[in-house]
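So this block is final_9.pdb, PDB, C-alpha atoms:
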ATOM      1  CA  MET D   1     120.176 107.727  74.146
ATOM      2  CA  HIS D   2     117.525 106.602  71.688
ATOM      3  CA  ARG D   3     119.873 104.742  69.363
ATOM      4  CA  PRO D   4     120.868 102.109  71.915
ATOM      5  CA  ALA D   5     117.247 101.656  72.552
ATOM      6  CA  GLN D   6     116.666 101.136  68.842
ATOM      7  CA  ARG D   7     119.508  98.581  68.682
ATOM      8  CA  VAL D   8     118.103  96.809  71.611
ATOM      9  CA  GLY D   9     114.715  96.779  69.890
ATOM     10  CA  ARG D  10     116.190  95.442  66.665
ATOM     11  CA  ALA D  11     118.144  92.685  68.357
ATOM     12  CA  PRO D  12     115.101  90.739  69.543
ATOM     13  CA  ARG D  13     113.529  91.095  66.084
ATOM     14  CA  LEU D  14     116.684  89.785  64.433
ATOM     15  CA  THR D  15     116.810  86.985  66.897
ATOM     16  CA  ARG D  16     113.278  86.061  66.051
ATOM     17  CA  ILE D  17     114.079  86.099  62.322
ATOM     18  CA  LEU D  18     117.123  83.877  62.817
ATOM     19  CA  VAL D  19     115.149  81.482  64.922
ATOM     20  CA  CYS D  20     112.457  81.322  62.280
ATOM     21  CA  ALA D  21     115.053  80.927  59.554
ATOM     22  CA  ALA D  22     116.612  78.101  61.500
ATOM     23  CA  ALA D  23     113.217  76.531  61.851
ATOM     24  CA  VAL D  24     112.625  76.501  58.097
ATOM     25  CA  PRO D  25     114.982  73.563  57.385
ATOM     26  CA  VAL D  26     113.314  71.700  60.198
ATOM     27  CA  VAL D  27     109.925  72.249  58.603
ATOM     28  CA  LEU D  28     111.287  71.322  55.229
ATOM     29  CA  GLY D  29     112.848  68.258  56.764
ATOM     30  CA  ALA D  30     109.535  67.397  58.294
ATOM     31  CA  ALA D  31     107.927  67.958  54.963
ATOM     32  CA  GLY D  32     110.533  65.692  53.415
ATOM     33  CA  CYS D  33     109.802  63.020  55.999
ATOM     34  CA  SER D  34     106.161  63.496  55.307
ATOM     35  CA  SER D  35     106.867  63.026  51.634
ATOM     36  CA  ASP D  36     108.872  59.881  52.393
ATOM     37  CA  SER D  37     106.053  58.681  54.561
ATOM     38  CA  GLY D  38     103.716  59.246  51.693
ATOM     39  CA  SER D  39     106.052  57.249  49.509
ATOM     40  CA  HIS D  40     106.043  54.406  52.015
ATOM     41  CA  SER D  41     102.311  54.723  52.232
ATOM     42  CA  GLY D  42     102.163  54.300  48.503
ATOM     43  CA  SER D  43     104.357  51.247  48.833
ATOM     44  CA  GLY D  44     102.000  49.895  51.462
ATOM     45  CA  SER D  45      99.099  50.497  49.122
ATOM     46  CA  GLY D  46     100.997  48.564  46.481
ATOM     47  CA  SER D  47     101.368  45.710  48.937
ATOM     48  CA  ALA D  48      97.666  45.834  49.575
ATOM     49  CA  ASP D  49      97.063  45.699  45.832
ATOM     50  CA  ASN D  50      99.395  42.734  45.595
ATOM     51  CA  ALA D  51      97.505  41.089  48.444
ATOM     52  CA  ASN D  52      94.253  41.755  46.630
ATOM     53  CA  GLN D  53      95.708  40.298  43.465
ATOM     54  CA  SER D  54      96.750  37.175  45.343
ATOM     55  CA  ALA D  55      93.348  36.881  47.023
ATOM     56  CA  PRO D  56      91.764  34.919  44.149
ATOM     57  CA  ALA D  57      94.555  32.344  44.368
ATOM     58  CA  THR D  58      93.975  32.027  48.080
ATOM     59  CA  SER D  59      90.253  31.743  47.489
ATOM     60  CA  SER D  60      90.868  29.159  44.783
ATOM     61  CA  ALA D  61      93.078  27.157  47.092
ATOM     62  CA  SER D  62      90.453  27.383  49.781
ATOM     63  CA  GLY D  63      87.828  26.249  47.311
ATOM     64  CA  SER D  64      89.982  23.289  46.280
ATOM     65  CA  ALA D  65      90.469  22.339  49.909
ATOM     66  CA  SER D  66      86.739  22.582  50.483
ATOM     67  CA  ALA D  67      86.014  20.459  47.409
ATOM     68  CA  SER D  68      88.547  17.919  48.586
ATOM     69  CA  ALA D  69      86.921  17.823  51.993
ATOM     70  CA  ASN D  70      83.525  17.260  50.396
ATOM     71  CA  ALA D  71      84.750  14.551  48.001
ATOM     72  CA  VAL D  72      83.390  11.067  48.667
ATOM     73  CA  LYS D  73      85.470   7.928  48.769
ATOM     74  CA  GLU D  74      85.296   6.109  45.464
ATOM     75  CA  ALA D  75      83.518   2.779  45.333
ATOM     76  CA  ALA D  76      85.604  -0.360  45.801
ATOM     77  CA  TYR D  77      84.036  -2.404  42.996
ATOM     78  CA  ARG D  78      83.462  -1.011  39.526
ATOM     79  CA  THR D  79      82.014  -4.020  37.713
ATOM     80  CA  LEU D  80      79.843  -7.096  38.123
ATOM     81  CA  PRO D  81      80.312 -10.682  36.985
ATOM     82  CA  ALA D  82      77.843 -12.172  34.513
ATOM     83  CA  SER D  83      74.971 -13.173  36.776
ATOM     84  CA  CYS D  84      74.323 -16.462  34.959
ATOM     85  CA  SER D  85      77.907 -17.566  35.589
ATOM     86  CA  VAL D  86      78.314 -16.770  39.305
ATOM     87  CA  LEU D  87      77.400 -20.322  40.369
ATOM     88  CA  SER D  88      79.241 -23.498  39.475
ATOM     89  CA  LYS D  89      77.535 -26.375  37.685
ATOM     90  CA  LYS D  90      77.892 -28.430  40.844
ATOM     91  CA  THR D  91      76.062 -25.850  42.936
ATOM     92  CA  LEU D  92      73.349 -25.447  40.333
ATOM     93  CA  GLY D  93      72.948 -29.219  40.241
ATOM     94  CA  GLU D  94      72.299 -29.193  43.970
ATOM     95  CA  LEU D  95      69.843 -26.304  43.972
ATOM     96  CA  VAL D  96      68.030 -26.921  40.689
ATOM     97  CA  PRO D  97      68.767 -30.598  39.856
ATOM     98  CA  LYS D  98      66.898 -30.629  36.560
ATOM     99  CA  GLY D  99      67.607 -27.088  35.499
ATOM    100  CA  PRO D 100      71.334 -26.194  35.263
ATOM    101  CA  THR D 101      70.804 -25.378  31.591
ATOM    102  CA  SER D 102      67.639 -23.370  32.179
ATOM    103  CA  ALA D 103      69.495 -20.115  32.946
ATOM    104  CA  LYS D 104      67.581 -17.048  31.897
ATOM    105  CA  ALA D 105      69.285 -13.670  32.126
ATOM    106  CA  GLY D 106      67.155 -10.677  33.021
ATOM    107  CA  LYS D 107      67.148  -7.567  30.874
ATOM    108  CA  SER D 108      69.473  -4.775  32.002
ATOM    109  CA  ASP D 109      70.400  -1.394  30.545
ATOM    110  CA  ASP D 110      73.800  -1.565  32.261
ATOM    111  CA  ALA D 111      75.240  -5.003  33.016
ATOM    112  CA  GLN D 112      78.053  -3.453  35.093
ATOM    113  CA  THR D 113      75.492  -1.878  37.424
ATOM    114  CA  ARG D 114      72.677  -4.426  37.671
ATOM    115  CA  SER D 115      71.985  -7.931  36.474
ATOM    116  CA  ASN D 116      70.045 -11.026  37.436
ATOM    117  CA  CYS D 117      69.642 -14.609  36.330
ATOM    118  CA  SER D 118      67.074 -17.284  37.155
ATOM    119  CA  TRP D 119      66.917 -21.082  36.912
ATOM    120  CA  ASN D 120      64.060 -23.531  37.430
ATOM    121  CA  SER D 121      63.748 -27.260  37.823
ATOM    122  CA  LEU D 122      60.870 -29.751  37.864
ATOM    123  CA  ASP D 123      61.645 -33.310  38.887
ATOM    124  CA  ASN D 124      58.568 -35.243  37.735
ATOM    125  CA  LYS D 125      58.014 -38.489  39.641
ATOM    126  CA  GLY D 126      54.827 -39.475  37.882
ATOM    127  CA  VAL D 127      52.047 -40.577  40.219
ATOM    128  CA  LYS D 128      54.256 -39.728  43.209
ATOM    129  CA  GLY D 129      54.165 -36.082  42.294
ATOM    130  CA  SER D 130      57.046 -33.779  41.518
ATOM    131  CA  GLN D 131      59.598 -31.509  43.127
ATOM    132  CA  PHE D 132      59.793 -27.926  41.928
ATOM    133  CA  ARG D 133      62.727 -25.549  42.472
ATOM    134  CA  TRP D 134      63.249 -21.955  41.444
ATOM    135  CA  LEU D 135      66.395 -19.876  41.925
ATOM    136  CA  ASN D 136      67.118 -16.242  41.171
ATOM    137  CA  VAL D 137      70.329 -14.288  41.757
ATOM    138  CA  SER D 138      70.215 -10.497  41.548
ATOM    139  CA  LEU D 139      73.263  -8.201  41.645
ATOM    140  CA  LEU D 140      73.144  -4.446  42.152
ATOM    141  CA  ARG D 141      76.236  -2.235  42.303
ATOM    142  CA  PHE D 142      76.341   1.324  43.667
ATOM    143  CA  ASP D 143      78.849   3.981  42.625
ATOM    144  CA  SER D 144      79.901   6.765  44.959
ATOM    145  CA  ASP D 145      78.163  10.042  44.287
ATOM    146  CA  ALA D 146      79.020  13.503  45.618
ATOM    147  CA  THR D 147      75.345  14.230  46.212
ATOM    148  CA  ARG D 148      74.057  10.863  47.428
ATOM    149  CA  GLY D 149      77.135   9.611  49.279
ATOM    150  CA  GLU D 150      79.603   6.737  49.231
ATOM    151  CA  GLY D 151      78.836   3.559  47.334
ATOM    152  CA  ASN D 152      79.240   1.370  50.405
ATOM    153  CA  GLN D 153      76.719   3.412  52.381
ATOM    154  CA  LEU D 154      74.230   3.424  49.521
ATOM    155  CA  ALA D 155      74.633  -0.334  49.236
ATOM    156  CA  GLN D 156      74.074  -0.804  52.962
ATOM    157  CA  THR D 157      70.867   1.247  52.835
ATOM    158  CA  TYR D 158      69.583  -0.872  49.968
ATOM    159  CA  TYR D 159      70.669  -4.059  51.731
ATOM    160  CA  GLU D 160      68.578  -3.113  54.768
ATOM    161  CA  LYS D 161      65.595  -2.353  52.534
ATOM    162  CA  GLN D 162      65.855  -5.735  50.813
ATOM    163  CA  VAL D 163      65.900  -7.541  54.161
ATOM    164  CA  LYS D 164      62.839  -5.632  55.400
ATOM    165  CA  ASP D 165      60.984  -6.319  52.162
ATOM    166  CA  ALA D 166      61.702 -10.039  52.468
ATOM    167  CA  GLN D 167      60.412  -9.997  56.035
ATOM    168  CA  ALA D 168      57.142  -8.321  55.053
ATOM    169  CA  VAL D 169      55.875 -10.473  52.171
ATOM    170  CA  THR D 170      52.093 -10.620  52.058
ATOM    171  CA  GLY D 171      50.760 -14.051  52.940
ATOM    172  CA  ALA D 172      54.044 -15.314  54.390
ATOM    173  CA  LYS D 173      53.758 -17.764  57.270
ATOM    174  CA  GLY D 174      56.349 -18.532  59.931
ATOM    175  CA  THR D 175      58.814 -15.867  58.833
ATOM    176  CA  ARG D 176      62.264 -16.287  60.375
ATOM    177  CA  SER D 177      65.420 -14.220  59.964
ATOM    178  CA  GLU D 178      69.000 -14.959  60.938
ATOM    179  CA  PRO D 179      72.422 -13.501  60.156
ATOM    180  CA  VAL D 180      74.708 -15.407  57.817
ATOM    181  CA  THR D 181      78.332 -15.363  58.978
ATOM    182  CA  GLY D 182      81.378 -15.409  56.738
ATOM    183  CA  THR D 183      79.462 -13.949  53.799
ATOM    184  CA  GLY D 184      80.650 -10.585  52.514
ATOM    185  CA  ASP D 185      80.421  -7.604  54.846
ATOM    186  CA  GLN D 186      76.953  -8.524  56.079
ATOM    187  CA  ALA D 187      74.271 -11.043  55.161
ATOM    188  CA  THR D 188      70.827 -12.077  56.368
ATOM    189  CA  ALA D 189      68.708 -15.098  55.528
ATOM    190  CA  VAL D 190      64.913 -14.769  55.622
ATOM    191  CA  ARG D 191      62.675 -17.797  55.193
ATOM    192  CA  TYR D 192      58.957 -18.437  55.314
ATOM    193  CA  ASP D 193      56.163 -20.584  53.899
ATOM    194  CA  LEU D 194      53.900 -19.316  51.191
ATOM    195  CA  LYS D 195      50.753 -21.229  50.327
ATOM    196  CA  LYS D 196      49.588 -21.176  46.712
ATOM    197  CA  LYS D 197      47.046 -23.239  44.849
ATOM    198  CA  GLU D 198      49.819 -25.557  43.550
ATOM    199  CA  GLY D 199      51.079 -26.278  47.046
ATOM    200  CA  THR D 200      53.128 -24.844  49.913
ATOM    201  CA  PHE D 201      56.324 -23.160  48.792
ATOM    202  CA  LYS D 202      59.340 -22.979  51.067
ATOM    203  CA  GLN D 203      60.893 -19.590  50.356
ATOM    204  CA  GLN D 204      64.471 -18.601  51.185
ATOM    205  CA  THR D 205      65.751 -15.073  50.558
ATOM    206  CA  VAL D 206      69.381 -14.388  51.392
ATOM    207  CA  VAL D 207      70.572 -10.794  51.097
ATOM    208  CA  ALA D 208      74.299 -10.045  51.269
ATOM    209  CA  ARG D 209      76.453  -6.957  50.870
ATOM    210  CA  VAL D 210      80.068  -7.034  49.788
ATOM    211  CA  GLN D 211      81.545  -3.529  49.610
ATOM    212  CA  ASN D 212      79.282  -1.517  47.259
ATOM    213  CA  VAL D 213      77.472  -4.544  45.775
ATOM    214  CA  VAL D 214      74.232  -6.064  47.068
ATOM    215  CA  ILE D 215      73.342  -9.670  46.262
ATOM    216  CA  THR D 216      69.767 -10.889  46.630
ATOM    217  CA  LEU D 217      69.275 -14.623  46.200
ATOM    218  CA  ASP D 218      65.769 -16.061  46.105
ATOM    219  CA  TYR D 219      65.334 -19.802  46.301
ATOM    220  CA  ASN D 220      62.123 -21.702  46.772
ATOM    221  CA  GLY D 221      60.909 -25.248  46.506
ATOM    222  CA  ALA D 222      57.635 -27.117  46.669
ATOM    223  CA  GLY D 223      56.306 -30.626  46.503
ATOM    224  CA  LEU D 224      53.613 -30.663  43.816
ATOM    225  CA  ALA D 225      50.905 -33.108  42.804
ATOM    226  CA  GLY D 226      50.955 -34.858  46.156
ATOM    227  CA  ASP D 227      54.714 -34.952  46.778
ATOM    228  CA  GLN D 228      56.009 -33.843  50.172
ATOM    229  CA  ALA D 229      57.291 -30.318  50.716
ATOM    230  CA  PRO D 230      61.094 -30.024  50.830
ATOM    231  CA  ASN D 231      62.933 -29.519  54.109
ATOM    232  CA  ALA D 232      63.314 -25.780  54.798
ATOM    233  CA  ASP D 233      66.628 -26.225  56.645
ATOM    234  CA  ASP D 234      68.127 -27.986  53.631
ATOM    235  CA  LEU D 235      66.946 -25.237  51.308
ATOM    236  CA  THR D 236      68.379 -22.531  53.577
ATOM    237  CA  LYS D 237      71.796 -24.203  53.731
ATOM    238  CA  ALA D 238      71.846 -24.554  49.950
ATOM    239  CA  ALA D 239      70.866 -20.894  49.485
ATOM    240  CA  GLU D 240      73.543 -19.664  51.895
ATOM    241  CA  LYS D 241      76.173 -21.725  50.088
ATOM    242  CA  ALA D 242      75.113 -20.211  46.774
ATOM    243  CA  VAL D 243      75.323 -16.662  48.177
ATOM    244  CA  LYS D 244      78.869 -17.240  49.452
ATOM    245  CA  GLU D 245      79.829 -18.481  46.009
ATOM    246  CA  THR D 246      78.284 -15.374  44.454
ATOM    247  CA  VAL D 247      80.192 -13.090  46.842
ATOM    248  CA  ALA D 248      83.422 -14.786  45.764
ATOM    249  CA  ALA D 249      82.471 -14.286  42.102
ATOM    250  CA  VAL D 250      81.940 -10.551  42.643
ATOM    251  CA  ALA D 251      85.335 -10.197  44.329
ATOM    252  CA  ALA D 252      87.031 -12.204  41.569
ATOM    253  CA  ALA D 253      85.484 -10.023  38.873
ATOM    254  CA  ASN D 254      87.126  -6.967  40.436
ATOM    255  CA  GLN D 255      90.664  -8.309  40.730
ATOM    256  CA  ASN D 256      93.646  -7.527  38.478
ATOM    257  CA  GLY D 257      93.048  -3.825  38.147
ATOM    258  CA  SER D 258      89.277  -3.950  37.862
ATOM    259  CA  ARG D 259      88.944  -2.257  41.236
ATOM    260  CA  ALA D 260      87.836   1.376  40.941
ATOM    261  CA  THR D 261      90.705   3.694  40.005
ATOM    262  CA  THR D 262      88.834   6.705  38.613
ATOM    263  CA  ALA D 263      86.092   8.884  39.958
ATOM    264  CA  PRO D 264      82.735   7.223  39.365
ATOM    265  CA  THR D 265      80.385   9.032  37.036
ATOM    266  CA  LYS D 266      77.074   7.283  37.455
ATOM    267  CA  SER D 267      75.069   6.033  40.392
ATOM    268  CA  ALA D 268      72.797   3.040  40.456
ATOM    269  CA  SER D 269      69.195   3.548  41.425
ATOM    270  CA  PRO D 270      67.745   1.022  43.878
ATOM    271  CA  SER D 271      64.286   1.621  42.512
ATOM    272  CA  LYS D 272      65.351  -0.068  39.281
ATOM    273  CA  SER D 273      66.566  -3.253  40.878
ATOM    274  CA  ALA D 274      65.714  -6.400  38.964
ATOM    275  CA  SER D 275      65.484  -8.419  42.159
ATOM    276  CA  PRO D 276      62.112 -10.108  42.773
ATOM    277  CA  SER D 277      63.062 -10.799  46.381
ATOM    278  CA  THR D 278      59.618 -10.057  47.726
ATOM    279  CA  SER D 279      57.896 -12.734  45.700
ATOM    280  CA  ALA D 280      57.981 -16.490  45.448
ATOM    281  CA  SER D 281      58.454 -18.468  42.269
ATOM    282  CA  PRO D 282      56.917 -16.790  39.228
ATOM    283  CA  LYS D 283      54.109 -19.076  38.103
ATOM    284  CA  PRO D 284      55.436 -22.478  39.185
ATOM    285  CA  SER D 285      52.241 -24.080  37.946
ATOM    286  CA  ALA D 286      53.068 -23.014  34.403
ATOM    287  CA  SER D 287      56.465 -24.694  34.617
ATOM    288  CA  ALA D 288      54.876 -27.796  36.098
ATOM    289  CA  SER D 289      52.265 -28.025  33.377
ATOM    290  CA  LYS D 290      54.930 -27.779  30.687
ATOM    291  CA  LYS D 291      56.915 -30.621  32.177
ATOM    292  CA  ASN D 292      53.823 -32.752  32.674
TER     293      ASN D 292
END
What's the structure tokens form of this structure?
Amino acid sequence: MHRPAQRVGRAPRLTRILVCAAAVPVVLGAAGCSSDSGSHSGSGSGSADNANQSAPATSSASGSASASANAVKEAAYRTLPASCSVLSKKTLGELVPKGPTSAKAGKSDDAQTRSNCSWNSLDNKGVKGSQFRWLNVSLLRFDSDATRGEGNQLAQTYYEKQVKDAQAVTGAKGTRSEPVTGTGDQATAVRYDLKKKEGTFKQQTVVARVQNVVITLDYNGAGLAGDQAPNADDLTKAAEKAVKETVAAVAAANQNGSRATTAPTKSASPSKSASPSTSASPKPSASASKKN
């Protein structure tokens, strides 16, 4: 009677053992899966490492894109013509009748960035007096600069400054300004009278911008020793003609491959301009006394 009971008691225990034994492979399988998962996890970590290794390249590419975005457009013109040769002999004969050979080049530490040339003329009529003329052409070229900006914009800023300076000359009388059409990208003519002990000088200042180059042309005339003052309209027309000729000379100097093809390395400084646009003729009385 007790033995069947013992068998019955053993059967559930055996069943439990078999169930547990059967569960072991499942656990091992799960452990195996867990091991595989760990292996995949390691692979994922490797991918992360690879991603980290490629991060500098991505950063470098991003940096290059940023640098490209911040790069400024290179300047259109990279050189200047010789300032004493921008005007033809015919034009010089009209503006400074007695002085086409009186060209005097200004000093410059970089002729491709800034230059100027002046001419003077004294037509002595004896007891009837004399006619004095003085002409100065100043050229200033701006390169593009990553810090300061594009050459054209720098040139425009300087152009505006030159016009304002010409309009604010101390002692000027009857100042008038007007745009000059068909001359570079923009041009303005400023004229006024300036009384000096030698006489009344008719001053014309024409400022023009062509791309990244600013041209400042100063032209004045006076009737000395009793001669009549020249006609301001005639002087203005002559000055505007000379500026247009100078604009053409700048463009011609940058043809045939002279246009900028490499990144500019140096920027011009407006503060060093050789242009005396805010003043009239330098010591006309001295020139007159020499001729007399």
_Could you check the closest approach to Gln204 in chain D for each of D:Lys161, D:Lys128, D:Arg141, D:Arg133 and tell me which residue wins, using all atoms listed in the file?_
D:Arg133
*Write out as a ChimeraX atom specification the residues lying within 8 Å of Ala242 in chain D, counting only C-alpha atoms and excluding same-chain residues fewer than 3 positions away.*
/D:87,91,238-239,245-246
*For CA of Val180 in chain D and CA of Thr79 in chain D, determine how far apart the two atoms are, in Å to one decimal place.*
24.2 Å
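Take the PyMOL selection byres ((chain D and resi 138-140) around 6) and apply it to this file: it picks Thr113, Arg114, Ser115, Asn116, Val137, Arg141, Val213, Val214, Ile215, Thr216 and Ser275 of chain D.
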What are the centre and edge lengths in Å, to one decimal, of the axis-aligned box around all listed atoms of range 149-154 of chain D with 5 Å added on each side, as lines of an AutoDock Vina configuration file?
center_x = 76.9
center_y = 5.5
center_z = 49.9
size_x = 15.4
size_y = 18.2
size_z = 15.0
*Counting only C-alpha atoms, the option among D:Thr147, D:Asn231, D:Thr101, D:Asn120 closest to Thr200 in chain D*: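 Of all the options, D:Asn231 lies closest to Thr200 in chain D.
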*asked:* Between D:Val72, D:Leu235, D:Ala189, D:Leu135, which residue has the minimum interatomic distance to Asp218 in chain D, considering all atoms listed in the file?
replied: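 The answer is D:Leu135, which sits nearest to Asp218 in chain D.
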Would you translate the PyMOL selection byres ((chain D and resi 219-227) around 7) into the concrete set of residues it matches in this file, as a short mmCIF file (atom, residue, chain, number, x, y, z; two decimals) with C-alpha atoms, in the coordinates of the input?
data_model
loop_
_atom_site.label_atom_id
_atom_site.label_comp_id
_atom_site.auth_asym_id
_atom_site.auth_seq_id
_atom_site.Cartn_x
_atom_site.Cartn_y
_atom_site.Cartn_z
CA LYS D 128 54.26 -39.73 43.21
CA GLY D 129 54.16 -36.08 42.29
CA SER D 130 57.05 -33.78 41.52
CA GLN D 131 59.60 -31.51 43.13
CA PHE D 132 59.79 -27.93 41.93
CA ARG D 133 62.73 -25.55 42.47
CA TRP D 134 63.25 -21.96 41.44
CA LEU D 135 66.40 -19.88 41.92
CA ASN D 136 67.12 -16.24 41.17
CA GLU D 198 49.82 -25.56 43.55
CA GLY D 199 51.08 -26.28 47.05
CA THR D 200 53.13 -24.84 49.91
CA PHE D 201 56.32 -23.16 48.79
CA LYS D 202 59.34 -22.98 51.07
CA GLN D 203 60.89 -19.59 50.36
CA GLN D 204 64.47 -18.60 51.18
CA THR D 205 65.75 -15.07 50.56
CA LEU D 217 69.28 -14.62 46.20
CA ASP D 218 65.77 -16.06 46.10
CA GLN D 228 56.01 -33.84 50.17
CA ALA D 229 57.29 -30.32 50.72
CA PRO D 230 61.09 -30.02 50.83
CA ALA D 239 70.87 -20.89 49.48
CA ALA D 280 57.98 -16.49 45.45
CA SER D 281 58.45 -18.47 42.27
#
_To one decimal place in Å, what is the distance between CA of Val207 in chain D and CA of Val169 in chain D?_
14.7 Å
*State, in Å with one decimal place, the distance from CA of Ala208 in chain D to CA of Thr236 in chain D.*
14.0 Å
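If you measure from each of D:Pro97, D:Asn152, D:Thr157, D:Ala252 to Asn124 in chain D using only C-alpha atoms, the closest one turns out to be D:Pro97.
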*Could you list the residues chosen by the PyMOL selection byres ((chain D and resi 184-188) around 8) in this structure as a ChimeraX atom specification?*
/D:163,177-183,189-190,206-211,244,247
